[in-house]
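query.txt follows (compact mmCIF, C-alpha atoms and all ligand atoms):
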# COMPACT_ATOMS: atom_id res chain seq x y z
CA MET A 18 352.65 94.57 95.60
CA HIS A 19 349.82 95.19 93.10
CA VAL A 20 349.47 98.61 91.54
CA LEU A 21 346.17 99.26 89.83
CA GLY A 22 346.54 100.54 86.30
CA ALA A 23 350.28 99.94 86.15
CA LYS A 24 351.70 97.92 83.29
CA ALA A 25 353.86 94.92 84.10
CA LEU A 26 357.49 95.76 84.81
CA ARG A 27 359.85 94.10 82.33
CA VAL A 28 363.02 92.82 83.92
CA LEU A 29 366.13 91.07 82.59
CA ILE A 30 368.13 89.10 85.16
CA LEU A 31 371.71 88.17 84.31
CA GLY A 32 372.16 84.92 86.19
CA GLY A 33 374.23 81.79 86.56
CA THR A 34 374.19 81.95 90.37
CA SER A 35 372.01 80.61 93.16
CA GLU A 36 371.03 84.20 94.05
CA ALA A 37 369.67 84.74 90.54
CA SER A 38 367.71 81.49 90.76
CA LYS A 39 366.25 82.53 94.12
CA LEU A 40 365.17 85.87 92.67
CA ALA A 41 363.60 84.05 89.71
CA GLY A 42 361.66 81.92 92.21
CA LEU A 43 360.33 85.05 93.94
CA LEU A 44 359.42 86.77 90.67
CA ALA A 45 357.56 83.72 89.36
CA ALA A 46 354.83 84.54 91.86
CA GLU A 47 354.62 88.25 90.92
CA SER A 48 351.98 88.93 88.29
CA GLY A 49 353.09 92.56 87.87
CA ILE A 50 356.68 91.69 86.95
CA MET A 51 357.67 89.92 83.73
CA ALA A 52 361.22 88.69 84.15
CA VAL A 53 363.56 86.75 81.87
CA LEU A 54 366.59 84.95 83.32
CA SER A 55 369.74 84.94 81.19
CA TYR A 56 372.46 82.27 81.36
CA ALA A 57 375.87 82.46 79.73
CA GLY A 58 375.35 78.92 78.48
CA ARG A 59 378.44 77.40 80.13
CA THR A 60 376.55 74.66 81.99
CA THR A 61 375.34 71.71 80.00
CA ALA A 62 372.95 70.33 82.66
CA LEU A 63 370.76 73.41 83.02
CA ARG A 64 367.75 73.13 85.31
CA ALA A 65 364.88 75.13 83.79
CA PRO A 66 363.90 78.05 86.07
CA PRO A 67 360.29 78.91 86.97
CA ILE A 68 360.34 81.99 84.69
CA PRO A 69 361.20 82.37 80.97
CA TYR A 70 364.92 82.10 80.24
CA ARG A 71 367.47 82.48 77.48
CA THR A 72 371.06 81.29 77.07
CA GLY A 73 374.24 82.59 75.44
CA GLY A 74 376.08 85.91 75.21
CA PHE A 75 374.42 89.04 73.85
CA GLY A 76 377.36 90.17 71.72
CA GLY A 77 379.04 92.73 73.95
CA VAL A 78 377.66 96.02 75.23
CA GLU A 79 375.95 96.81 71.92
CA GLY A 80 374.22 93.45 71.80
CA LEU A 81 372.99 93.79 75.36
CA GLU A 82 371.80 97.36 74.75
CA HIS A 83 369.95 96.15 71.67
CA TYR A 84 368.29 93.39 73.70
CA LEU A 85 367.25 95.84 76.43
CA ARG A 86 365.76 98.28 73.92
CA SER A 87 364.10 95.76 71.63
CA ARG A 88 362.46 93.90 74.54
CA ARG A 89 361.54 97.19 76.26
CA ILE A 90 363.26 96.10 79.47
CA ASP A 91 362.56 98.50 82.38
CA VAL A 92 365.20 97.26 84.85
CA LEU A 93 368.38 95.23 84.41
CA VAL A 94 369.40 93.01 87.35
CA ASP A 95 373.02 91.87 87.40
CA ALA A 96 372.92 88.75 89.57
CA THR A 97 376.05 87.19 88.05
CA HIS A 98 378.94 85.86 90.12
CA PRO A 99 380.94 88.62 91.89
CA PHE A 100 384.00 87.67 89.80
CA ALA A 101 382.19 87.60 86.44
CA GLU A 102 383.70 90.98 85.66
CA GLN A 103 383.14 91.35 81.94
CA ILE A 104 379.39 90.81 81.91
CA SER A 105 379.04 93.16 84.90
CA ARG A 106 380.96 95.89 83.05
CA HIS A 107 378.77 95.31 80.00
CA ALA A 108 375.63 95.45 82.15
CA GLN A 109 376.62 98.79 83.59
CA ALA A 110 377.43 100.31 80.21
CA ALA A 111 374.37 98.87 78.41
CA ALA A 112 371.92 99.93 81.14
CA ALA A 113 373.35 103.46 81.07
CA LYS A 114 373.07 103.61 77.27
CA ALA A 115 369.52 102.27 77.33
CA GLY A 116 368.63 104.71 80.13
CA ILE A 117 367.31 102.13 82.59
CA PRO A 118 368.28 101.36 86.19
CA LEU A 119 370.82 98.65 86.98
CA VAL A 120 370.42 96.64 90.17
CA VAL A 121 373.24 94.41 91.43
CA LEU A 122 372.41 91.30 93.43
CA SER A 123 375.41 89.48 94.92
CA ARG A 124 376.04 87.19 97.85
CA PRO A 125 377.77 88.92 100.78
CA PRO A 126 381.55 88.59 100.85
CA TRP A 127 383.20 86.47 103.56
CA VAL A 128 384.68 88.44 106.45
CA PRO A 129 387.57 87.23 108.61
CA GLU A 130 386.73 85.77 112.02
CA ALA A 131 388.80 85.08 115.12
CA GLY A 132 391.52 82.57 114.24
CA ASP A 133 391.57 83.43 110.53
CA ARG A 134 394.97 84.39 109.05
CA TRP A 135 394.03 86.26 105.88
CA ILE A 136 396.38 88.12 103.60
CA GLU A 137 394.29 90.42 101.40
CA ALA A 138 395.21 90.81 97.72
CA SER A 139 393.39 93.00 95.22
CA THR A 140 394.42 91.09 92.08
CA MET A 141 395.62 87.57 91.17
CA ALA A 142 399.06 88.99 90.32
CA GLU A 143 399.24 90.45 93.83
CA ALA A 144 398.17 87.08 95.28
CA ALA A 145 400.98 85.34 93.36
CA ARG A 146 403.51 87.86 94.73
CA ALA A 147 402.14 87.42 98.26
CA LEU A 148 403.26 83.76 98.18
CA GLY A 149 406.84 85.02 98.60
CA GLU A 150 410.15 83.74 97.27
CA ALA A 151 410.62 80.52 99.26
CA PRO A 152 408.91 77.49 97.65
CA LYS A 153 405.59 76.64 99.29
CA ARG A 154 402.83 74.10 98.85
CA VAL A 155 399.80 76.07 97.69
CA PHE A 156 396.12 75.08 97.47
CA LEU A 157 394.83 77.14 94.53
CA THR A 158 391.02 77.38 94.46
CA ILE A 159 390.37 80.29 92.14
CA GLY A 160 388.63 78.61 89.21
CA ARG A 161 390.46 77.89 85.99
CA LEU A 162 390.53 81.20 84.13
CA GLN A 163 393.22 83.07 86.06
CA ILE A 164 395.68 80.28 86.88
CA SER A 165 398.21 81.78 84.45
CA ALA A 166 398.85 84.61 86.96
CA PHE A 167 400.81 82.06 89.02
CA ALA A 168 403.26 81.35 86.19
CA ALA A 169 405.11 84.33 87.68
CA ALA A 170 405.82 82.17 90.76
CA PRO A 171 406.78 78.74 89.34
CA GLN A 172 408.90 77.77 92.36
CA HIS A 173 405.80 76.74 94.33
CA PHE A 174 403.89 73.46 94.24
CA TYR A 175 400.25 74.08 93.31
CA LEU A 176 397.34 71.82 94.17
CA ILE A 177 394.73 73.20 91.77
CA ARG A 178 391.04 72.42 92.23
CA THR A 179 388.63 73.29 89.44
CA ILE A 180 385.15 72.19 88.34
CA GLU A 181 386.12 71.68 84.70
CA PRO A 182 389.65 70.55 83.64
CA PRO A 183 391.89 73.65 83.44
CA GLY A 184 393.68 72.69 80.21
CA PRO A 185 397.48 72.84 79.79
CA LEU A 186 399.24 74.51 82.71
CA GLN A 187 402.01 76.53 81.14
CA ASN A 188 405.03 77.42 83.28
CA LEU A 189 403.73 75.66 86.37
CA PRO A 190 406.16 72.73 86.55
CA ARG A 191 405.00 71.60 90.00
CA ALA A 192 401.22 71.35 89.75
CA LYS A 193 398.60 68.72 90.50
CA VAL A 194 394.97 69.10 89.45
CA ILE A 195 391.95 67.75 91.30
CA GLN A 196 388.42 68.27 90.06
CA GLY A 197 385.61 69.06 92.46
CA ARG A 198 382.34 70.94 92.66
CA GLY A 199 380.92 72.32 95.93
CA PRO A 200 379.39 72.17 98.39
CA PHE A 201 382.45 70.96 100.26
CA GLU A 202 382.73 69.72 103.86
CA ALA A 203 385.28 71.14 106.32
CA ASP A 204 386.46 67.66 107.43
CA ALA A 205 387.21 66.64 103.85
CA GLU A 206 389.01 69.94 103.24
CA VAL A 207 391.17 69.36 106.34
CA GLU A 208 392.03 65.91 104.94
CA ILE A 209 393.18 67.41 101.63
CA LEU A 210 395.24 70.12 103.32
CA ARG A 211 396.94 67.57 105.57
CA ALA A 212 397.47 64.90 102.89
CA GLU A 213 399.11 67.43 100.54
CA SER A 214 401.06 69.23 103.32
CA ILE A 215 399.59 72.54 102.20
CA ASP A 216 401.24 75.71 103.57
CA VAL A 217 398.85 78.34 102.19
CA ILE A 218 395.49 78.63 100.39
CA VAL A 219 394.69 81.10 97.62
CA THR A 220 391.02 81.87 97.01
CA LYS A 221 388.69 84.55 95.68
CA ASN A 222 386.26 86.18 98.10
CA SER A 223 383.25 84.64 96.39
CA GLY A 224 381.12 84.46 99.53
CA GLY A 225 378.36 81.89 100.01
CA GLU A 226 378.28 78.61 101.88
CA ALA A 227 379.22 76.06 99.21
CA ALA A 228 382.90 77.04 99.14
CA TYR A 229 383.31 78.21 102.74
CA ALA A 230 384.58 74.85 104.05
CA LYS A 231 388.17 75.58 102.99
CA ILE A 232 388.10 78.78 105.07
CA LEU A 233 386.92 76.78 108.08
CA ALA A 234 389.59 74.14 107.43
CA ALA A 235 392.32 76.80 107.21
CA ARG A 236 391.12 78.25 110.53
CA LEU A 237 391.21 74.80 112.15
CA LEU A 238 394.78 74.18 110.93
CA SER A 239 395.83 77.81 111.47
CA LEU A 240 396.91 78.12 107.83
CA PRO A 241 397.22 81.47 106.04
CA VAL A 242 394.69 82.29 103.30
CA ILE A 243 395.51 84.73 100.52
CA MET A 244 392.10 86.26 99.87
CA VAL A 245 391.60 87.99 96.53
CA ALA A 246 389.12 90.84 96.99
CA ARG A 247 386.15 91.38 94.70
CA PRO A 248 386.16 93.94 91.96
CA GLN A 249 384.50 97.19 93.06
CA GLU A 250 380.72 97.34 92.75
CA THR A 251 379.61 100.57 91.16
CA ALA A 252 375.84 100.24 90.74
CA ALA A 253 373.59 102.73 92.48
CA ALA A 254 371.40 99.91 93.81
CA ALA A 255 373.25 96.91 95.23
CA PHE A 256 371.66 94.20 97.36
CA HIS A 257 372.61 90.86 98.92
CA ASP A 258 369.08 89.56 99.49
CA PRO A 259 366.79 88.63 96.56
CA ALA A 260 363.79 89.83 98.64
CA ASP A 261 365.30 93.34 98.69
CA VAL A 262 365.55 93.26 94.89
CA LEU A 263 361.88 92.28 94.69
CA ASP A 264 361.09 95.20 96.96
CA PHE A 265 363.12 97.57 94.74
CA LEU A 266 361.34 96.28 91.62
CA SER A 267 357.90 96.65 93.20
CA ARG A 268 358.66 100.22 94.25
CA HIS A 269 360.07 101.00 90.81
CA ARG A 270 356.91 99.66 89.20
CA ALA A 271 354.80 101.81 91.50
CA ALA A 272 356.88 104.85 90.58
CA LEU A 273 356.31 104.15 86.88
CA ALA A 274 352.57 103.63 87.42
CA PRO A 275 351.25 106.99 86.17
CA ARG A 276 353.15 106.40 82.92
CA GLY A 277 351.61 103.22 81.63
CA VAL A 278 348.41 101.21 81.47
P1 LIG A 301 382.39 87.00 82.18
O1 LIG A 301 383.83 86.70 81.93
O2 LIG A 301 382.08 88.20 83.01
O3 LIG A 301 381.59 87.17 80.81
C1 LIG A 301 382.08 86.68 79.56
C2 LIG A 301 380.98 86.77 78.53
O4 LIG A 301 380.00 85.74 78.75
C3 LIG A 301 380.17 88.06 78.58
O5 LIG A 301 380.81 89.11 77.91
C4 LIG A 301 378.86 87.63 77.94
O6 LIG A 301 379.00 87.52 76.52
C5 LIG A 301 378.71 86.23 78.45
N1 LIG A 301 377.91 86.14 79.68
C6 LIG A 301 378.34 86.05 80.97
N2 LIG A 301 377.32 85.92 81.82
C7 LIG A 301 376.19 85.92 81.07
C8 LIG A 301 374.81 85.80 81.35
N3 LIG A 301 374.36 85.63 82.62
N4 LIG A 301 373.92 85.84 80.31
C9 LIG A 301 374.36 85.98 79.03
N5 LIG A 301 375.66 86.10 78.70
C10 LIG A 301 376.56 86.06 79.70
O7 LIG A 301 381.64 85.74 82.79
P2 LIG A 301 382.25 84.40 83.46
O8 LIG A 301 383.09 84.78 84.64
O9 LIG A 301 382.79 83.54 82.38
O10 LIG A 301 380.88 83.77 84.02
C11 LIG A 301 379.95 83.17 83.12
C12 LIG A 301 378.71 82.75 83.91
O11 LIG A 301 379.10 81.85 84.96
C13 LIG A 301 377.99 83.93 84.56
O12 LIG A 301 376.62 83.72 84.36
C14 LIG A 301 378.37 83.83 86.03
O13 LIG A 301 377.34 84.29 86.88
C15 LIG A 301 378.63 82.34 86.20
N6 LIG A 301 379.65 82.04 87.22
C16 LIG A 301 380.89 82.62 87.17
C17 LIG A 301 381.84 82.35 88.18
C18 LIG A 301 383.22 83.02 88.20
O14 LIG A 301 384.00 82.76 89.15
N7 LIG A 301 383.57 83.87 87.24
C19 LIG A 301 381.51 81.44 89.20
C20 LIG A 301 380.22 80.86 89.21
C21 LIG A 301 379.30 81.17 88.21
P3 LIG A 301 378.61 88.71 75.51
O15 LIG A 301 379.67 89.74 75.66
O16 LIG A 301 378.57 88.06 74.18
O17 LIG A 301 377.25 89.23 75.96
Take the structure I supplied and represent it as structure tokens, if you would.
Amino acid sequence: MHVLGAKALRVLILGGTSEASKLAGLLAAESGIMAVLSYAGRTTALRAPPIPYRTGGFGGVEGLEHYLRSRRIDVLVDATHPFAEQISRHAQAAAAKAGIPLVVLSRPPWVPEAGDRWIEASTMAEAARALGEAPKRVFLTIGRLQISAFAAAPQHFYLIRTIEPPGPLQNLPRAKVIQGRGPFEADAEVEILRAESIDVIVTKNSGGEAAYAKILAARLLSLPVIMVARPQETAAAAFHDPADVLDFLSRHRAALAPRGV
């Protein structure tokens, strides 16, 4: 949308997800919106996006607020992973302090379908407890940062799949690590579950297609899945589709139009 006389809208996108990259692709074609995409800097092989970008942390809430004010950012878009909790908390606080709107863009969560045997857990500690007392063979696909929650249940065997090596696994005497990065195929996931005689899968409700194959495989084998729910979203404007964020930004720019030239 082009608004005559309106200044360009300045947007900061917190990224590191495919949704953020899709939004960046849409905004690259919008002359009235000047967006910068921010990466945490965890990935070494970064593919340059079609809009300006920066990498690395901001230095907490204060650092992010300073960035927003000094770059005169009009709207902050939090398009980070649904389980990247700290940066999302910082985004909410910094946007409020800087007095600008926060928009959350996240992929839709998975929902159970016929044949799924999900056990919902709201935290990793709850997921560990949900495994029960009797020793089980567990496929743990939760990333590497929260594995320590399962030290409370060391009687189980854990097949742990991570992208990067998880480091020393304290108090998990029966663990095996495999490294893998999605997208995964359901057939291959079934193979893993069978070969390792897995009884139960633990996963985060990340949503998206790349990691969905294990859910399909569990359905095929009628295995239970302990599904860790997402942290609550609290932003006033939350979307699942990058096109809806573009629409929000265009309308916001139009609303600001009388203010700037
Ligand atoms: P986190 O725990 O929520 O954030 C840790 C710190 O990293 C933040 O306080 C911030 O540092 C910095 N940071 C995070 N995202 C940033 C961004 N987009 N731009 C600049 N700084 C950022 O984050 P995380 O879970 O480690 O995730 C890091 C990145 O990986 C995010 O971009 C996220 O979208 C992506 N990712 C995460 C997951 C997951 O499961 N957690 C999965 C896939 C992708 P300062 O406090 O110094 O500003």
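Minimum atom-to-atom distance to Ala25 (chain A), evaluated using only C-alpha atoms, belongs to A:Met51 out of A:Ala147, A:Leu273, A:Val92, A:Met51.
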Could you produce a table of the residues of chain A lying within 6 Å of ligand LIG 301 (chain A), with the nearest pair of atoms per residue and their separation in Å rounded to one decimal, using all atoms listed in the file, ordered by chain and increasing residue number, as CSV?
residue,atom,partner,partner_atom,distance
A:Leu31,CA,A:LIG301,N3,4.0
A:Gly32,CA,A:LIG301,N3,4.3
A:Gly33,CA,A:LIG301,O12,3.8
A:Thr34,CA,A:LIG301,O13,5.3
A:Ser55,CA,A:LIG301,N4,4.4
A:Tyr56,CA,A:LIG301,N4,4.0
A:Ala57,CA,A:LIG301,C10,3.7
A:Gly73,CA,A:LIG301,C9,4.9
A:Gly74,CA,A:LIG301,O16,3.4
A:Phe75,CA,A:LIG301,O17,3.5
A:Gly76,CA,A:LIG301,O16,3.5
A:Gly77,CA,A:LIG301,O15,3.5
A:Thr97,CA,A:LIG301,O13,3.4
A:His98,CA,A:LIG301,O13,3.9
A:Phe100,CA,A:LIG301,N7,4.6
A:Ala101,CA,A:LIG301,O8,3.5
A:Glu102,CA,A:LIG301,O2,4.2
A:Gln103,CA,A:LIG301,O2,3.5
A:Ile104,CA,A:LIG301,O2,3.9
Written selection (C-alpha atoms) as a tab-separated table (two decimals), keeping the file's coordinate frame:
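Once written, again_24.tsv looks like this:
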chain	number	residue	atom	x	y	z
A	31	LEU	CA	371.71	88.17	84.31
A	32	GLY	CA	372.16	84.92	86.19
A	33	GLY	CA	374.23	81.79	86.56
A	34	THR	CA	374.19	81.95	90.37
A	55	SER	CA	369.74	84.94	81.19
A	56	TYR	CA	372.46	82.27	81.36
A	57	ALA	CA	375.87	82.46	79.73
A	73	GLY	CA	374.24	82.59	75.44
A	74	GLY	CA	376.08	85.91	75.21
A	75	PHE	CA	374.42	89.04	73.85
A	76	GLY	CA	377.36	90.17	71.72
A	77	GLY	CA	379.04	92.73	73.95
A	97	THR	CA	376.05	87.19	88.05
A	98	HIS	CA	378.94	85.86	90.12
A	100	PHE	CA	384.00	87.67	89.80
A	101	ALA	CA	382.19	87.60	86.44
A	102	GLU	CA	383.70	90.98	85.66
A	103	GLN	CA	383.14	91.35	81.94
A	104	ILE	CA	379.39	90.81	81.91
Have a look at A:Ala166, A:Ala234, A:Asp258, A:Leu54 and name the one nearest to Glu208 (chain A); count all atoms listed in the file.
A:Ala234
Excluding Leu189 (chain A) and its own-chain neighbours fewer than 5 positions away, which residues fall within 10 Å of it when counting all atoms listed in the file? Please give them as number ranges by chain.
A: 164-165, 167-175
Taking (383.0, 84.7, 100.9) in the file's own coordinates, collect the residues within 6 Å, counting all atoms listed in the file, and hand them back as JSON, numbers by chain.
{"A": [126, 127, 222, 223, 224, 225]}
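Counting from CA of Asp133 (chain A), the distance to CA of Arg236 (chain A) is 5.2 Å.
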Please measure the separation of CA of Glu79 (chain A) and CA of Asp91 (chain A), giving the value in Å to one decimal.
17.1 Å
